[in-house]
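Step one of this worksheet: look at the structure below.
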Amino acid sequence: MLKFGIGIPNCREGVFYPMSFAGPKEITELAQLGEQLGFYSLWGTDFINPVPSMNFDETAKPNWYELIVTLSYLAAATNKIKLATGVSLLPYRDPIILAKQVATLDQFSNGRFLFGWGLGQFREEFVAINNRNKTIHRGRLMNEIMESLHLLLNKNGKISFDGEYIGFKEVEIHPKPLQEPIPVYIGGHSSAMGTRVAKWATGVSYSATILNESINKTLMELQPDMDKEGRTIDDLDVVISTYLCLGKDLEDAKAKFSKTYLGQRLLKRINLDTFVTKSLFGTPNQISERINQLNQEGMKHCVLTNVCVDSFSEMKEQIQIFGEEILPQFN
Amino acid sequence: MKFGVGIPNCREGMFYPMSFVQPQDIVKLVQLAERLGFDSVWGTDFINPSPTMKFPEMAKPNWYELMITLSYLAAATKTIKLAAGVILLPYRDPVILAKQAATLDQFSGGRFLFGWGLGGYRDEFLSIKGKMQKAHRGKMLEEHMEALHLLLNSKGKVDFKGEYYEFHDVELNPKPIQKPLPIFISGHTSEAPKRLAKWGTGFSVSSKLIAEFNGNLNNAMTHLKESIAKEGVDPEIYDYELSTQLIMANNFDEGVKKLKECYLGKRLGARNPIEAIISTSLIGSAEDIASQAQAIKETGITLCMATNIAVDNFPAMMEQVQWFGEDIIPKFDI
């Protein structure tokens with residue numbers, strides 16, 4: 001069965017939504033609505049500090065709520081919906097504290113945590129908060145953190161690690177996450193992705209608008225690395241992250257999108273028609289068709305990462321329509 | 001005087017036997033404390049068992065990370081305050097921690113209390129910070145406190161350049177709801193009053209400080225307030241938190257027997273004379289405890305914490321908290 005997820009606006013102001021878009025109350029409301037409507041998962045993002053390369057207005061102060069603390073609050077406010085980091089920026093975190101936090105979250109949420117791993121798009125942000133580590137190679141740091149997390153979360157007994165950047169000795173996380181293994185998602189299109197997925201992930205995630213080939217074809221590229229670990233791509237959950245924009249028809253959806261904060265930011269670097277074809281735009285029927293197509297190509301988990309709106313009430317309205325008119329067709 | 005209770009998120013092995021609680025037990029305890037009128041619940045921060053903690057070789061204590069536990073509890077309660085008592089700063093990155101603290105205060109509707117500490121076990125620190133074998137934890141603590149203070153309170157972008165921490169043009173948004181966010185400082189050295197004056201809103205009175213006055217809390221408090229006044233601030237504006245053990249029984253002697261027989265009594269008794277433990281405990285019948293609490297109140301303590309309870313299983317803990325809430329707290333309502 002196809003699974004559906006919603007992107008929660010814990011760290012999206014400025015990047016995808018206008019300022020003062022949603023606070024704790026709204027985020028909780030959205031999570032509960034998602035659960036009621038039968039969505040499978042909630043996906044939060046991890047930003048820590050605005051930097052110039054994010055291209056906001058200089059004086060803008062986006063409200064960003066830290067991801068894991070937010071998910072833990074939402075865990076207690078819901079019963080069954082899964083709670084995902086999409087993604088946690090690993091180079092920003094200490095692997096032991098992070099492992100301890102996610103094991104705790106998985107325990108308290110009764111096994112509802114999904115752990116997405118990422119590098120972070122903005123080197124400038126990394127340097128701002130780690131100013132002593134200006135010369136660090138984030139990719140190598142990330143590999144060490146991934147391996148550390150994998151060991152800490154899955155292996156019994158005391159673990160030691162002595163890398164270029166990360167070192168610890170005789171550390172044991174107790175309790176472990178409730179889920180064995182804890183679901184780990186790796187995304188992106190880097191050359192290192194295959195090895196990382198094969199070694200550590202239970203799922204992959206791709207952005208619908210960035211995919212150049214069909215999902216299946218992209219997945220096939222992972223198979224040689226999966227072979228080395230004795231695994232197959234069929235074992236992987238396949239998340240496609242996409243944009244939702246409901247309208248009376250395609251033209252109406254396009255026009256709405258172009259007026260939004262998100263549209264205006266994206267239109268500086270995208271081609272509208274290509275973007276619309278790859279995303280979920282238009283009437284419920286048009287969107288269902290596009291979902292069917294993605295599903296046939298290999299999508300297993302469809303995440304509405306961003307909704308093309310400028311207010312929280314419009315966001316809720318779109319999610320409600322999606323949940324009532326589109327989601328049931330795939331049950 | 002307000003009352004608080006310690007939650008067993010990271011207490012197995014330290015103060016309670018193994019397999020003492022599950023996550024949902026912690027939730028039940030906190031909801032009970034809220035109903036009974038406790039002011040706050042206090043969690044502790046341990047990350048990795050280390051040899052100097054002196055657990056049995058094969059012991060695997062279940063420790064739940066503090067900030068994530070408190071955030072879950074925030075959604076499961078409405079009014080009770082949620083305290084990190086204390087969070088071990090040298091283990092954490094100040095920017096990430098400040099972001100988590102601000103988020104927790106926002107989601108909880110302004111119910112977060114932020115206790116800052118060093119950590120009792122250097123070998124625990126070294127095990128998780130393998131690249132920092134020569135670190136001076138005291139200096140790390142000092143820098144971390146200053147960094148957190150700047151991040152949580154300054155408007156605009158903040159820079160920090162220390163020996164251990166460095167960041168550039170960082171701004172937290174949103175800030176915590178509470179202005180200022182309650183910060184509890186602890187320690188028994190001459191640095192502690194200075195830190196309180198610079199950064200704190202409350203002081204956690206440690207057993208080491210009281211021991212320096214031969215167990216006389218009143219003398220310890222008098223001295224503490226004098227040293228705070230020397231920093232040029234009014235000592236009366238601060239909260240004073242005292243950590244105690246709770247042992248409710250039919251009478252005092254039965255309380256002492258309970259304490260000696262339980263895991264907590266044996267752990268504490270290995271390091272301190274039993275009389276010293278008793279002198280900082282709420283122990284005996286409801287009448288005994290009410291008069292002990294009254295004496296504590298008269299020393300100037302504003303927040304009395306049943307940090308550890310002399311029990312070896314969770315139902316007994318709930319029972320003690322229930323008795324305390326019903327028999328003692330109403331006597332201190334104004």
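Each chain in the structure tokens gets a letter, A, B, ..., in the order shown, and its residues are numbered from 1; ligands are numbered from 1 in order too.
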Task: Close residues, Thr195 in chain A itself excluded, 9 Å, only C-alpha atoms, min 6 positions apart in chain, as a PyMOL selection string - done: chain A and resi 222+225-226+228
May I have the residues from that selection written out with N, CA and C atoms, as a PDB file, in the first residue's frame?
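This went into result-v1.pdb:
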ATOM      1  N   LEU A 222      21.607   1.965  -7.597  1.00  0.00           N
ATOM      2  CA  LEU A 222      22.058   1.569  -6.253  1.00  0.00           C
ATOM      3  C   LEU A 222      22.372   0.079  -6.167  1.00  0.00           C
ATOM      4  N   ASP A 225      25.961  -1.490  -5.394  1.00  0.00           N
ATOM      5  CA  ASP A 225      26.383  -1.309  -4.001  1.00  0.00           C
ATOM      6  C   ASP A 225      25.575  -2.198  -3.061  1.00  0.00           C
ATOM      7  N   MET A 226      24.286  -2.353  -3.350  1.00  0.00           N
ATOM      8  CA  MET A 226      23.446  -3.224  -2.530  1.00  0.00           C
ATOM      9  C   MET A 226      23.941  -4.675  -2.631  1.00  0.00           C
ATOM     10  N   LYS A 228      26.926  -5.739  -3.010  1.00  0.00           N
ATOM     11  CA  LYS A 228      28.113  -5.919  -2.168  1.00  0.00           C
ATOM     12  C   LYS A 228      27.743  -6.209  -0.724  1.00  0.00           C
TER      13      LYS A 228
END
Open item on the list: Based on only C-alpha atoms, which of the residues in chain B come within 8 Å of chain A? I want them as a VMD selection string.
Closed with: chain B and resid 23 to 24 47 to 49 60 to 65 67 to 69 71 to 76 91 to 93 95 to 96 99 to 100 102 to 104 106 to 107 126 to 131 165 to 174
Open item on the list: I need the strand (DSSP E or B) residues of range 4-116 of chain B per DSSP on the backbone, written as a PyMOL selection string.
Closed with: chain B and resi 4-6+12+16+40-43+81-88+112-116
Selection near Leu30 in chain A, 9 Å with only C-alpha atoms, sequence-local residues under 6 positions removed, as a PDB file with C-alpha atoms, in the first residue's frame:
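Okay, this is what ended up in out01.pdb:
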ATOM      1  CA  ILE A   6       3.212  15.565   5.290  1.00  0.00           C
ATOM      2  CA  ILE A   8       5.583  19.960   8.958  1.00  0.00           C
ATOM      3  CA  MET A 315      -2.218  24.690   4.187  1.00  0.00           C
ATOM      4  CA  LYS A 316      -4.717  22.886   6.395  1.00  0.00           C
ATOM      5  CA  ILE A 319      -4.138  18.809   3.377  1.00  0.00           C
TER       6      ILE A 319
END
Residue contacts of Thr201 in chain B (8 Å, only C-alpha atoms) excluding same-chain residues fewer than 6 positions away, as a PDB file with C-alpha atoms, in the first residue's frame:
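Once written, part38.pdb looks like this:
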ATOM      1  CA  PRO B 182      14.730  30.463  34.386  1.00  0.00           C
ATOM      2  CA  ILE B 183      18.342  29.335  34.762  1.00  0.00           C
ATOM      3  CA  PHE B 184      19.482  27.323  37.797  1.00  0.00           C
ATOM      4  CA  ILE B 185      23.139  27.467  38.759  1.00  0.00           C
ATOM      5  CA  ILE B 237      15.435  37.891  44.062  1.00  0.00           C
ATOM      6  CA  TYR B 238      16.550  34.302  43.427  1.00  0.00           C
ATOM      7  CA  ASP B 239      14.941  30.915  43.751  1.00  0.00           C
TER       8      ASP B 239
END
Task: Contact residues around Met19 in chain A with only C-alpha atoms at 10 Å, ignoring same-chain residues under 5 positions, as a ChimeraX atom specification - done: /A:12-14,60-63,261,310-311
Deliver the residues from the most recent selection as a file, using C-alpha atoms, as an mmCIF file, in the first residue's frame.
data_model
loop_
_atom_site.group_PDB
_atom_site.id
_atom_site.type_symbol
_atom_site.label_atom_id
_atom_site.label_comp_id
_atom_site.auth_asym_id
_atom_site.auth_seq_id
_atom_site.Cartn_x
_atom_site.Cartn_y
_atom_site.Cartn_z
ATOM 1 C CA ARG A 12 10.405 26.274 6.842
ATOM 2 C CA GLU A 13 9.759 29.949 7.393
ATOM 3 C CA GLY A 14 11.890 31.993 5.063
ATOM 4 C CA ALA A 60 13.925 38.542 8.279
ATOM 5 C CA LYS A 61 13.732 36.474 11.431
ATOM 6 C CA PRO A 62 12.330 33.059 10.536
ATOM 7 C CA ASN A 63 11.033 31.028 13.474
ATOM 8 C CA TYR A 261 6.199 33.267 -1.383
ATOM 9 C CA ASP A 310 1.079 31.557 2.128
ATOM 10 C CA SER A 311 -0.986 30.891 5.249
#
TODO: Write out as a PyMOL selection string the residues lying within 10 Å of range 4-6 of chain B, counting only C-alpha atoms and excluding same-chain residues fewer than 4 positions away.
DONE: chain B and resi 11+29-30+33-34+37-44+80-83+85+241-246+303-309+321
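As for CA of Pro56 in chain B and CA of Ile159 in chain A, they are spaced 18.4 Å apart.
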- [ ] Considering only C-alpha atoms, state which residue in the set A:Leu262, A:Val197, A:Leu141, A:Leu246 is at the smallest distance from Glu317 in chain A.
- [x]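 Checking each of A:Leu262, A:Val197, A:Leu141, A:Leu246 against Glu317 in chain A, counting only C-alpha atoms, the winner is A:Leu246.
We find CA of Ile296 in chain B and CA of Tyr240 in chain B to be spaced 10.8 Å apart.
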TODO: Could you jot down the CA of Ile277 in chain B to CA of Ser204 in chain B separation for me, Å, one decimal place?
DONE: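 So the two atoms, CA of Ile277 in chain B and CA of Ser204 in chain B, lie 17.4 Å apart.
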TODO: Return the single residue from A:Thr274, A:Gln36, A:Gln293, A:Ser190 that is closest to Ile215 in chain A, with distances computed using only C-alpha atoms.
DONE: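 Residue with the minimum atom-to-atom distance to Ile215 in chain A: A:Gln293.
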- [ ] For Ser214 in chain A, work out the shell of residues within 9 Å, counting only C-alpha atoms and skipping chain neighbours fewer than 5 positions away, then give it as a list in words.
- [x]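 Here the answer would be Leu219, Leu294, Glu297 and Gly298 of chain A.
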Give me a file of those residues, with N, CA and C atoms, as a PDB file, in the first residue's frame.
ATOM      1  N   LEU A 219      16.839   4.023  -8.964  1.00  0.00           N
ATOM      2  CA  LEU A 219      17.069   2.992  -7.942  1.00  0.00           C
ATOM      3  C   LEU A 219      18.058   1.925  -8.435  1.00  0.00           C
ATOM      4  N   LEU A 294       3.866   7.985 -10.489  1.00  0.00           N
ATOM      5  CA  LEU A 294       5.044   7.867  -9.616  1.00  0.00           C
ATOM      6  C   LEU A 294       5.067   6.500  -8.929  1.00  0.00           C
ATOM      7  N   GLU A 297       6.306   3.909 -11.167  1.00  0.00           N
ATOM      8  CA  GLU A 297       7.754   4.058 -11.359  1.00  0.00           C
ATOM      9  C   GLU A 297       8.557   3.576 -10.158  1.00  0.00           C
ATOM     10  N   GLY A 298       7.870   3.276  -9.058  1.00  0.00           N
ATOM     11  CA  GLY A 298       8.622   2.752  -7.909  1.00  0.00           C
ATOM     12  C   GLY A 298       8.470   3.526  -6.614  1.00  0.00           C
TER      13      GLY A 298
END
TODO: Name the residues of range 152-307 of chain B that fall into helix (DSSP H, G or I) according to DSSP on the backbone, using the chain letters and numbers of this document, as a PyMOL selection string.
DONE: chain B and resi 152-153+191-199+207-211+217-229+235-237+252-261+263-269+274-279+286-298
